[in-house]
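Reading through the structure tokens given below for one structure.
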There are 4 protein chains.
Amino acid sequence: MPVPESVRVWEIVGDQGIDALHSNRRTGYQPQAGQVLVKVQATSLNFRDLSTILDPAARALTYPRVPNSDCAGEIVAAGPRVSHVAPGDRVAGCFFQSWKDGGISAAAMASALGGPLDGVLGEYALLAESGVVHVPEHLTFAQAACLPCAGVTAWNCLMRVGDVQAGDTVLLLGTGGVSITALQFAVAQGARVIITSAHDAKLKRAAALGAWQTVNYRSTPQWDAAVLKMTGGKGVDFVLEVGGAGTLPRSLNAVRVGGRIALIGVLTRGEIDPTVIMRKSIRVQGVYVGSRSMFEDMNRFITAHELRPVIDRHFAFDDAREAYHCMRSAEHFGKLVIDV
Amino acid sequence: MPVPESVRVWEIVGDQGIDALHSNRRTGYQPQAGQVLVKVQATSLNFRDLSTILDPAARALTYPRVPNSDCAGEIVAAGPRVSHVAPGDRVAGCFFQSWKDGGISAAAMASALGGPLDGVLGEYALLAESGVVHVPEHLTFAQAACLPCAGVTAWNCLMRVGDVQAGDTVLLLGTGGVSITALQFAVAQGARVIITSAHDAKLKRAAALGAWQTVNYRSTPQWDAAVLKMTGGKGVDFVLEVGGAGTLPRSLNAVRVGGRIALIGVLTRGEIDPTVIMRKSIRVQGVYVGSRSMFEDMNRFITAHELRPVIDRHFAFDDAREAYHCMRSAEHFGKLVIDV
Amino acid sequence: MPVPESVRVWEIVGDQGIDALHSNRRTGYQPQAGQVLVKVQATSLNFRDLSTILDPAARALTYPRVPNSDCAGEIVAAGPRVSHVAPGDRVAGCFFQSWKDGGISAAAMASALGGPLDGVLGEYALLAESGVVHVPEHLTFAQAACLPCAGVTAWNCLMRVGDVQAGDTVLLLGTGGVSITALQFAVAQGARVIITSAHDAKLKRAAALGAWQTVNYRSTPQWDAAVLKMTGGKGVDFVLEVGGAGTLPRSLNAVRVGGRIALIGVLTRGEIDPTVIMRKSIRVQGVYVGSRSMFEDMNRFITAHELRPVIDRHFAFDDAREAYHCMRSAEHFGKLVIDV
Amino acid sequence: MPVPESVRVWEIVGDQGIDALHSNRRTGYQPQAGQVLVKVQATSLNFRDLSTILDPAARALTYPRVPNSDCAGEIVAAGPRVSHVAPGDRVAGCFFQSWKDGGISAAAMASALGGPLDGVLGEYALLAESGVVHVPEHLTFAQAACLPCAGVTAWNCLMRVGDVQAGDTVLLLGTGGVSITALQFAVAQGARVIITSAHDAKLKRAAALGAWQTVNYRSTPQWDAAVLKMTGGKGVDFVLEVGGAGTLPRSLNAVRVGGRIALIGVLTRGEIDPTVIMRKSIRVQGVYVGSRSMFEDMNRFITAHELRPVIDRHFAFDDAREAYHCMRSAEHFGKLVIDV
């Protein structure tokens with residue numbers, strides 16, 4: 001397949017929020033040594049992509065910048081010295097183009113797609129050979145496009161930070177992409193999941209996916225007390241904390257002595273008293289997505305348990321702005337996907 | 001050796017602070033099944049013992065209560081069904097009488113000496129067979145008495161939480177018992193240690209013990225910036241944080257992306273912004289001493305490297321109050337020991 | 001409930017094989033400090049119990065000796081200082097009465113029931129408090145009695161030695177108690193299982209339990225070549241080797257570069273060439289049941305996945321000899337249980 | 001620095017043993033994308049290099065083939081897209097050019113220098129960017145050239161397979177490159193080392209390097225019994241087994257219940273009875289050098305403890321054959337190095 005002369009992409013061109021998203025054509029998609037050209041079939045949205053667009057200054061974004069970290073598609077061309085993948089392969093891009101294995105580093109953080117590097121909201125994406133992974137065969141491209149950020153984040157939190165085992169009790173906050181993916185992983189692993197939401201309808205859907213207990217945090221503002229009661233006063237083994245300073249004090253209260261909290265989001269800012277971390281010997285671990293090695297481990301798990309990401313809505317490529325408005329309304333359950 | 005009719009102990013009898021320490025005689029030291037009677041030769045003081053005396057209400061202490069968690073001595077009698085130790089053995093008591101192995105639990109926390117249970121500031125102590133460990137042969141009783149709280153805490157922090165390896169860079173705050181013990185362990189492990197103090201004389205002694213760099217936090221109030229500079233801007237791999245809200249923000253600044261912080265003290269109270277924990281993928285882990293299994297691992301390390309705890313001052317048993325006043329003045333470098 | 005004056009047990013009284021099993025009455029069942037009295041409801045047989053009876057000299061058995069390591073029942077009395085269990089609790093005995101956690105030791109090995117210590121083939125058993133575990137609520141006593149030896153062995157092999165993850169390929173040899181339990185665990189974990197047998201009917205049952213591939217080693221004597229073919233020439237990640245010198249060379253051939261083999265049995269004796277262990281960087285790990293901590297981990301997994309041990313046949317207490325003859329015929333699929 | 005037109009190398013040209021080593025000139029040393037050109041300053045010999053020359057058929061070697069896996073030198077040129085190293089850097093080559101991290105694989109094994117790939121016995125070597133590591137600053141090139149095979153093998157065995165901790169007892173066989181490097185690592189780690197040799201003079205040198213006990217296996221042919229006695233009948237925690245079938249039975253006898261054996265060599269062929277592996281719950285792990293990640297971990301350890309490889313003799317580049325004859329005589333203590 002010939003390399004296209006030019007490629008349609010969406011770009012962030014300024015700090016006007018979602019209105020700063022403009023469609024454009026780019027050239028220069030000939031893969032160099034160690035690179036592959038991916039025909040993007042689907043890209044999914046993450047809260048992080050929205051916040052990048054809403055506050056590009058906070059991330060020192062340079063313009064124009066192609067947003068979005070997550071895509072799945074087919075390799076259509078490969079540069080010299082590419083040996084592990086080949087044209088025709090179904091792949092997803094890795095959130096970090098250069099975090100292969102081991103712990104996170106500043107260098108890895110500088111290789112995030114849709115931030116320091118151009119992202120994948122386009123018809124094609126030029127990626128490092130070591131920056132793509134094969135996707136599970138039973139997944140559609142849209143489903144595979146849900147994995148690079150939300151999937152790997154949920155995996156890293158649950159399996160690496162939480163080391164969640166069968167029989168453990170896990171607390172998930174809300175029903176966004178990370179939490180719903182984590183719900184699926186935890187249930188397949190044999191863990192008992194408590195999940196919160198402001199909407200009973202969403203809690204019903206979570207229960208249908210296998211949640212053990214649900215809590216409506218609007219009708220039960222002291223949801224930490226409810227969680228403690230559900231666990232006989234002991235607390236949960238692990239919390240996947242997506243909120244930040246606004247919810248962390250309650251999460252610290254709801255976790256057991258010696259328990260663990262993965263901290264991935266700061267939807268709300270503020271301060272917390274660290275005393276309880278010490279008093280209950282809690283581990284609080286900041287998490288920023290994960291490595292390619294984790295992505296591969298997760299894919300084996302997804303294949304073995306035949307899991308499928310939960311997609312709330314699909315959007316057309318031309319409706320990218322609408323997808324972002326939908327993400328902003330925070331009404332979704334699971335993932336939002338743009339089919340390219 | 002016959003079991004003594006009565007035993008001299010020091011007791012906390014109220015909430016008047018150090019003045020509430022009174023000498024008394026107790027009876028009932030006949031070891032029951034699974035118990036051993038230890039002739040205490042030395043007991044060391046920890047900051048936690050001082051704060052128990054200064055604020056017994058915070059720990060819901062009942063009176064009278066024998067203080068101090070740390071002792072070393074000789075077993076002089078054993079109850080029925082004791083099989084792993086015998087009279088004549090040189091042992092130290094475990095801080096937690098029932099945390100053998102694995103992770104901490106609420107039940108383990110309820111078995112701390114000198115808090116929920118009577119401590120060891122007496123001529124004899126009645127302990128569980130599984131609540132004592134053999135001490136390294138090359139140590140005096142006074143040296144061995146420095147290990148149960150400060151030693152095991154330093155070990156748990158460095159080796160378990162920090163997983164400190166040769167070549168890692170470690171930041172220690174101050175020159176109290178835990179920090180100086182951690183300094184010795186880290187140096188033997190091949191790590192580079194940066195240590196802070198308000199006194200240049202103490203920093204000199206720390207350097208003599210093998211510290212790689214020292215920072216006077218009085219003359220360099222922005223010690224976190226100094227630490228970053230020493231590490232080429234990268235930050236340290238691990239911080240043993242003994243301070244709390246007052247120092248934690250600087251520790252979070254001084255640690256590298258993906259680094260770890262063991263949180264053992266809250267000398268100062270306050271609140272912190274958790275954003276940086278997430279932004280730098282930091283692990284913050286509360287630590288409360290450690291298990292008997294860690295104590296045994298530590299003893300093998302101490303023996304192999306022929307380490308000796310650093311003792312600042314010795315006190316006579318009758319001068320127990322004076323030892324506490326000395327702890328309160330916070331002028332010491334290393335440990336304070338009462339010879340019994 | 002009163003402690004019985006005397007208790008019916010089966011004893012090995014000599015080296016005449018199964019004929020040396022005699023029924024007798026014993027006294028002295030009053031629990032001492034740290035002990036519990038269990039009303040045995042069921043006991044299961046393991047190949048190890050048979051080989052103990054067939055060759056007591058090889059184990060330096062003293063007579064008379066009560067055989068069998070595995071029982072489940074209800075605690076009916078507790079001695080002084082028993083705090084973690086109480087009369088009325090449903091428990092199973094631990095194979096090793098004193099291997100709590102960590103690695104195996106010579107001391108732990110000396111505490112095996114039905115060997116160095118009297119076993120549980122009786123109406124009651126006197127066990128250490130720390131030598132029993134609570135059993136999953138959804139299991140009958142007969143099902144729970146299948147766990148102490150075969151269950152914990154399968155768990156230790158798969159989860160500790162093999163570290164088997166979703167997507168891994170596992171090879172199991174034969175359809176005895178350990179292999180069938182391992183099949184259930186591996187399937188629940190998301191692994192692909194290849195299992196061998198000499199009987200197509202047993203292979204069909206294994207497939208019904210979730211085996212991915214089956215091999216009749218009678219019709220396919222070179223089953224290692226068949227396994228290699230099934231895995232595209234790569235070999236399996238893990239083998240649970242129950243055979244010994246007779247099958248180990250084929251297992252070494254069937255495992256992948258860097259793969260692992262748990263070695264639990266030596267049904268056949270002989271010698272092997274260790275070269276391939278080095279050439280393929282294989283790990284061969286001898287396994288002898290496991291610790292109480294593993295038992296508890298396994299129980300959480302069994303509860304979470306609602307697994308039930310597969311029982312081939314039940315026998316009455318009076319028919320204990322017949323149960324041993326049945327074990328000897330090796331025709332079973334899963335476990336043989338004696339209801340007491 | 002300009003890339004040389006042609007480069008002097010030694011090649012294996014047939015199966016005549018050491019006589020098949022011939023000097024030649026090669027061209028084509030222009031680094032491609034992702035490659036670096038290393039000016040070789042020193043190369044060390046390993047027993048594996050000798051056996052490759054003595055029995056090239058066993059390794060299916062194609063001729064001509066440049067031997068030797070180990071070199072150190074300076075990068076003099078880099079191809080496009082090289083980002084982690086640069087001309088002027090002091091580096092050593094990795095034994096496996098494509099085993100970066102994680103477990104070994106068949107693909108990794110196919111990337112060994114001086115076997116499936118041309119080795120480094122030449123004035124220059126063309127290596128993958130990801131196939132070199134920076135060497136510790138305090139080492140000469142000759143010392144650094146001792147690390148890629150013998151150093152990484154010793155590290156993998158002791159630290160990964162053996163997980164050797166301070167206070168553990170380690171058994172080393174003989175005084176070749178791997179054993180002497182392992183002796184240095186184990187002593188720095190705080191382990192007690194027992195080492196064997198046929199020569200008292202070599203045992204004296206080993207003792208000077210920190211060995212705790214020595215055994216002359218010529219005067220004490222039953223050295224396993226001697227080792228058991230030294231450990232109070234318990235056995236050692238870990239054996240680095242370099243011999244094979246000839247020594248493995250004694251190593252299995254000398255290791256403790258639950259102990260570990262790393263198997264790296266088969267100097268002698270034969271068969272062993274696997275029963276003891278099961279009976280004592282021993283782990284036998286085949287080891288083939290190690291990954292680049294292990295190399296980097298080892299270098300941090302070497303730097304932290306200021307270790308220096310022990311070199312027995314230096315040879316000139318023109319005397320390569322003599323170096324091989326010296327290796328064959330097996331009289332050395334530590335490493336043999338060719339200065340280029």
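Identifiers for the structure tokens are assigned positionally: chains receive A, B, ... in sequence, residues are indexed from 1 per chain, and ligands are indexed from 1 in the order shown.
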
Next item on the list: Could you list, as a VMD selection string, the residues of chain B having an atom within 9 Å of chain D when counting only C-alpha atoms?
Entry: chain B and resid 165 to 168 188 to 192 297 to 305

Output for the residues just chosen: N, CA and C atoms as a short mmCIF file (atom, residue, chain, number, x, y, z; two decimals), in the first residue's frame:
```cif
data_model
loop_
_atom_site.label_atom_id
_atom_site.label_comp_id
_atom_site.auth_asym_id
_atom_site.auth_seq_id
_atom_site.Cartn_x
_atom_site.Cartn_y
_atom_site.Cartn_z
N GLN B 165 18.91 -0.53 46.60
CA GLN B 165 19.98 -1.36 46.03
C GLN B 165 21.28 -0.56 45.98
N ALA B 166 22.36 -1.29 45.82
CA ALA B 166 23.66 -0.64 45.63
C ALA B 166 23.55 0.37 44.49
N GLY B 167 24.03 1.57 44.73
CA GLY B 167 24.00 2.60 43.71
C GLY B 167 22.82 3.55 43.82
N ASP B 168 21.79 3.17 44.58
CA ASP B 168 20.65 4.07 44.77
C ASP B 168 21.06 5.26 45.64
N ALA B 188 26.11 0.15 54.12
CA ALA B 188 26.53 -1.25 53.96
C ALA B 188 25.95 -1.85 52.68
N GLN B 189 24.78 -1.38 52.29
CA GLN B 189 24.12 -1.88 51.09
C GLN B 189 24.73 -1.29 49.82
N GLY B 190 25.57 -0.29 49.96
CA GLY B 190 26.19 0.32 48.79
C GLY B 190 25.42 1.50 48.23
N ALA B 191 24.51 2.04 49.01
CA ALA B 191 23.74 3.21 48.54
C ALA B 191 24.48 4.50 48.89
N ARG B 192 24.14 5.58 48.17
CA ARG B 192 24.68 6.91 48.46
C ARG B 192 23.67 7.64 49.33
N ASP B 297 15.62 -10.96 59.44
CA ASP B 297 16.39 -10.61 58.23
C ASP B 297 17.43 -9.54 58.56
N MET B 298 16.99 -8.53 59.32
CA MET B 298 17.89 -7.45 59.69
C MET B 298 19.07 -7.97 60.51
N ASN B 299 18.79 -8.88 61.43
CA ASN B 299 19.87 -9.41 62.27
C ASN B 299 20.91 -10.14 61.44
N ARG B 300 20.48 -10.86 60.42
CA ARG B 300 21.45 -11.52 59.55
C ARG B 300 22.33 -10.49 58.85
N PHE B 301 21.71 -9.38 58.41
CA PHE B 301 22.45 -8.32 57.73
C PHE B 301 23.44 -7.67 58.70
N ILE B 302 22.98 -7.38 59.90
CA ILE B 302 23.83 -6.74 60.92
C ILE B 302 25.02 -7.64 61.24
N THR B 303 24.76 -8.93 61.35
CA THR B 303 25.83 -9.88 61.64
C THR B 303 26.81 -9.94 60.48
N ALA B 304 26.28 -10.05 59.28
CA ALA B 304 27.14 -10.21 58.10
C ALA B 304 28.04 -9.00 57.92
N HIS B 305 27.51 -7.81 58.16
CA HIS B 305 28.29 -6.59 57.96
C HIS B 305 28.90 -6.07 59.26
#
```

Taking the chain letters and numbering used in this document, name the residues of region 260-320 of chain D that DSSP puts in helix (DSSP H, G or I), as a compact mmCIF listing (two decimals) with N, CA, C and O atoms, in the first residue's frame.
```
# COMPACT_ATOMS: atom_id res chain seq x y z
N THR D 275 15.38 -37.55 42.24
CA THR D 275 14.58 -37.74 43.46
C THR D 275 14.90 -36.71 44.54
O THR D 275 14.00 -36.16 45.18
N VAL D 276 16.19 -36.43 44.70
CA VAL D 276 16.58 -35.53 45.79
C VAL D 276 16.05 -34.11 45.57
O VAL D 276 15.80 -33.38 46.52
N ILE D 277 15.90 -33.71 44.31
CA ILE D 277 15.34 -32.39 44.00
C ILE D 277 13.96 -32.27 44.63
O ILE D 277 13.61 -31.27 45.25
N MET D 278 13.18 -33.35 44.49
CA MET D 278 11.84 -33.35 45.06
C MET D 278 11.89 -33.51 46.57
O MET D 278 11.22 -32.80 47.30
N ARG D 279 12.71 -34.42 47.04
CA ARG D 279 12.72 -34.75 48.46
C ARG D 279 13.15 -33.55 49.32
O ARG D 279 12.65 -33.38 50.43
N ARG D 292 20.51 -7.26 29.39
CA ARG D 292 21.16 -5.95 29.51
C ARG D 292 20.75 -5.26 30.81
O ARG D 292 21.57 -4.61 31.47
N SER D 293 19.52 -5.44 31.20
CA SER D 293 19.05 -4.85 32.44
C SER D 293 19.85 -5.38 33.64
O SER D 293 20.20 -4.64 34.55
N MET D 294 20.15 -6.68 33.63
CA MET D 294 20.98 -7.24 34.71
C MET D 294 22.39 -6.64 34.66
O MET D 294 22.99 -6.38 35.70
N PHE D 295 22.90 -6.46 33.46
CA PHE D 295 24.24 -5.88 33.28
C PHE D 295 24.27 -4.49 33.95
O PHE D 295 25.21 -4.14 34.69
N GLU D 296 23.24 -3.72 33.72
CA GLU D 296 23.19 -2.37 34.30
C GLU D 296 23.06 -2.41 35.82
O GLU D 296 23.70 -1.64 36.53
N ASP D 297 22.23 -3.32 36.32
CA ASP D 297 22.12 -3.48 37.78
C ASP D 297 23.48 -3.84 38.37
O ASP D 297 23.90 -3.30 39.39
N MET D 298 24.15 -4.77 37.73
CA MET D 298 25.46 -5.21 38.20
C MET D 298 26.45 -4.07 38.21
O MET D 298 27.24 -3.91 39.15
N ASN D 299 26.42 -3.25 37.17
CA ASN D 299 27.37 -2.14 37.11
C ASN D 299 27.16 -1.15 38.25
O ASN D 299 28.12 -0.61 38.80
N ARG D 300 25.91 -0.92 38.61
CA ARG D 300 25.66 -0.03 39.76
C ARG D 300 26.25 -0.62 41.04
O ARG D 300 26.84 0.08 41.85
N PHE D 301 26.10 -1.94 41.19
CA PHE D 301 26.63 -2.63 42.36
C PHE D 301 28.16 -2.56 42.37
O PHE D 301 28.78 -2.27 43.40
N ILE D 302 28.77 -2.81 41.22
CA ILE D 302 30.24 -2.77 41.11
C ILE D 302 30.76 -1.37 41.44
O ILE D 302 31.77 -1.21 42.13
N THR D 303 30.05 -0.37 40.95
CA THR D 303 30.46 1.01 41.22
C THR D 303 30.31 1.33 42.70
O THR D 303 31.22 1.88 43.33
N ALA D 304 29.18 0.95 43.26
CA ALA D 304 28.91 1.29 44.66
C ALA D 304 29.93 0.64 45.59
O ALA D 304 30.35 1.24 46.56
N PHE D 317 47.11 -8.89 21.27
CA PHE D 317 46.16 -9.27 20.23
C PHE D 317 46.72 -10.37 19.32
O PHE D 317 46.01 -11.29 18.92
N ASP D 318 48.01 -10.25 19.02
CA ASP D 318 48.63 -11.23 18.13
C ASP D 318 48.74 -12.61 18.78
O ASP D 318 48.93 -13.60 18.09
N ASP D 319 48.63 -12.64 20.10
CA ASP D 319 48.81 -13.91 20.82
C ASP D 319 47.48 -14.54 21.21
O ASP D 319 47.40 -15.26 22.22
N ALA D 320 46.46 -14.30 20.41
CA ALA D 320 45.13 -14.80 20.77
C ALA D 320 45.12 -16.32 20.96
O ALA D 320 44.52 -16.84 21.90
```

Neighbours of Val242 (chain C) within 9 Å (only C-alpha atoms; same-chain residues fewer than 3 positions away dropped), as a PDB file with C-alpha atoms, in the first residue's frame?
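The new file selection.pdb reads:
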```pdb
ATOM      1  CA  LEU C 172      -0.650 -31.510  33.418  1.00  0.00           C
ATOM      2  CA  LEU C 173       0.191 -35.207  33.558  1.00  0.00           C
ATOM      3  CA  GLY C 174      -2.593 -37.662  34.356  1.00  0.00           C
ATOM      4  CA  VAL C 178      -3.347 -32.937  42.133  1.00  0.00           C
ATOM      5  CA  SER C 179      -3.668 -32.702  38.357  1.00  0.00           C
ATOM      6  CA  THR C 247       8.400 -38.708  32.369  1.00  0.00           C
ATOM      7  CA  LEU C 248      10.763 -35.863  33.270  1.00  0.00           C
ATOM      8  CA  ALA C 262       7.299 -28.291  39.426  1.00  0.00           C
ATOM      9  CA  LEU C 263       8.428 -31.742  40.464  1.00  0.00           C
ATOM     10  CA  ILE C 264       6.171 -33.366  43.013  1.00  0.00           C
ATOM     11  CA  GLY C 265       6.344 -37.088  42.437  1.00  0.00           C
ATOM     12  CA  VAL C 266       8.645 -39.920  41.578  1.00  0.00           C
ATOM     13  CA  LEU C 267       6.260 -42.647  40.547  1.00  0.00           C
TER      14      LEU C 267
END
```

Return as a tab-separated table the residues of region 122-159 of chain C lying at most 8 Å from region 284-291 of chain C, together with the closest atom-to-atom pair for each and the distance in Å to one decimal, counting only C-alpha atoms, with rows in chain order and ascending residue number.
```
residue	atom	partner	partner_atom	distance
C:Cys149	CA	C:Val289	CA	5.9
C:Ala150	CA	C:Val289	CA	7.5
C:Val152	CA	C:Val289	CA	5.7
C:Thr153	CA	C:Val289	CA	4.2
C:Ala154	CA	C:Val289	CA	7.9
C:Asn156	CA	C:Gly290	CA	6.1
C:Cys157	CA	C:Val287	CA	6.9
```

Output C-alpha atoms for every residue in that selection, as a compact mmCIF listing (two decimals), in the first residue's frame.
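Okay, result-v1.txt is ready:
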```txt
# COMPACT_ATOMS: atom_id res chain seq x y z
CA CYS C 149 -2.50 -32.09 50.40
CA ALA C 150 -3.67 -32.23 46.77
CA VAL C 152 -2.28 -26.95 48.44
CA THR C 153 0.23 -28.88 46.31
CA ALA C 154 -1.54 -27.85 43.12
CA ASN C 156 1.94 -24.05 45.35
CA CYS C 157 3.00 -25.54 42.01
```

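The space separating CA of Ala42 (chain D) from CA of Thr27 (chain D) comes to 20.3 Å.
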
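Closest approach to Val193 (chain A) among A:Ser111, A:Phe238, A:Gly259, A:Tyr217 is made by A:Phe238 (distances from only C-alpha atoms).
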
Notebook entry, point to check: Which residues come within 9 Å of Tyr63 (chain A), counting only C-alpha atoms, excluding same-chain residues fewer than 3 positions away, as a VMD selection string?
Noted result: chain A and resid 11 to 14 66

Next item on the list: Using DSSP on the backbone coordinates, identify the residues of region 222-278 of chain C assigned to strand (DSSP E); present them as a PyMOL selection string.
Entry: chain C and resi 236-241+255-263

Neighbouring residues of region 220-230 of chain D were defined as those with any atom within 7 Å, considering only C-alpha atoms; residues of the same chain fewer than 3 positions away were excluded. Please report them as a PDB file with C-alpha atoms, in the first residue's frame.
```
ATOM      1  CA  VAL D 215      37.763 -26.993  50.457  1.00  0.00           C
ATOM      2  CA  ASN D 216      40.406 -28.746  48.391  1.00  0.00           C
ATOM      3  CA  TYR D 217      38.331 -31.219  46.400  1.00  0.00           C
ATOM      4  CA  GLY D 233      24.591 -30.290  58.869  1.00  0.00           C
ATOM      5  CA  LYS D 234      22.047 -27.874  57.397  1.00  0.00           C
ATOM      6  CA  GLY D 235      23.532 -27.292  53.947  1.00  0.00           C
ATOM      7  CA  ARG D 250      27.302 -33.572  45.408  1.00  0.00           C
ATOM      8  CA  SER D 251      25.878 -30.080  45.022  1.00  0.00           C
ATOM      9  CA  ASN D 253      23.656 -33.117  48.690  1.00  0.00           C
ATOM     10  CA  ALA D 254      25.375 -29.966  49.951  1.00  0.00           C
TER      11      ALA D 254
END
```

Note to self: Residues near Ile338 (chain D), anyone? I mean within 6 Å using only C-alpha atoms, not counting same-chain ones fewer than 4 positions away, as a PyMOL selection string.
What the structure shows: chain D and resi 42-44+314-317

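You can rank D:Glu74, D:Ser23, D:Gly177, D:Ile261 by their closest distance to Val164 (chain D) using only C-alpha atoms, and at the top of that list sits D:Ile261.
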
Next item on the list: Please provide the set of residues having any atom within 9 Å of Val3 (chain B), restricted to only C-alpha atoms, with same-chain residues fewer than 3 positions apart removed, written as a PyMOL selection string.
Entry: chain B and resi 6+29-31+37+76-77

Next item on the list: Provide the CA of Trp155 (chain A) to CA of Ala211 (chain A) distance in Å, to one decimal place.
Entry: 17.1 Å
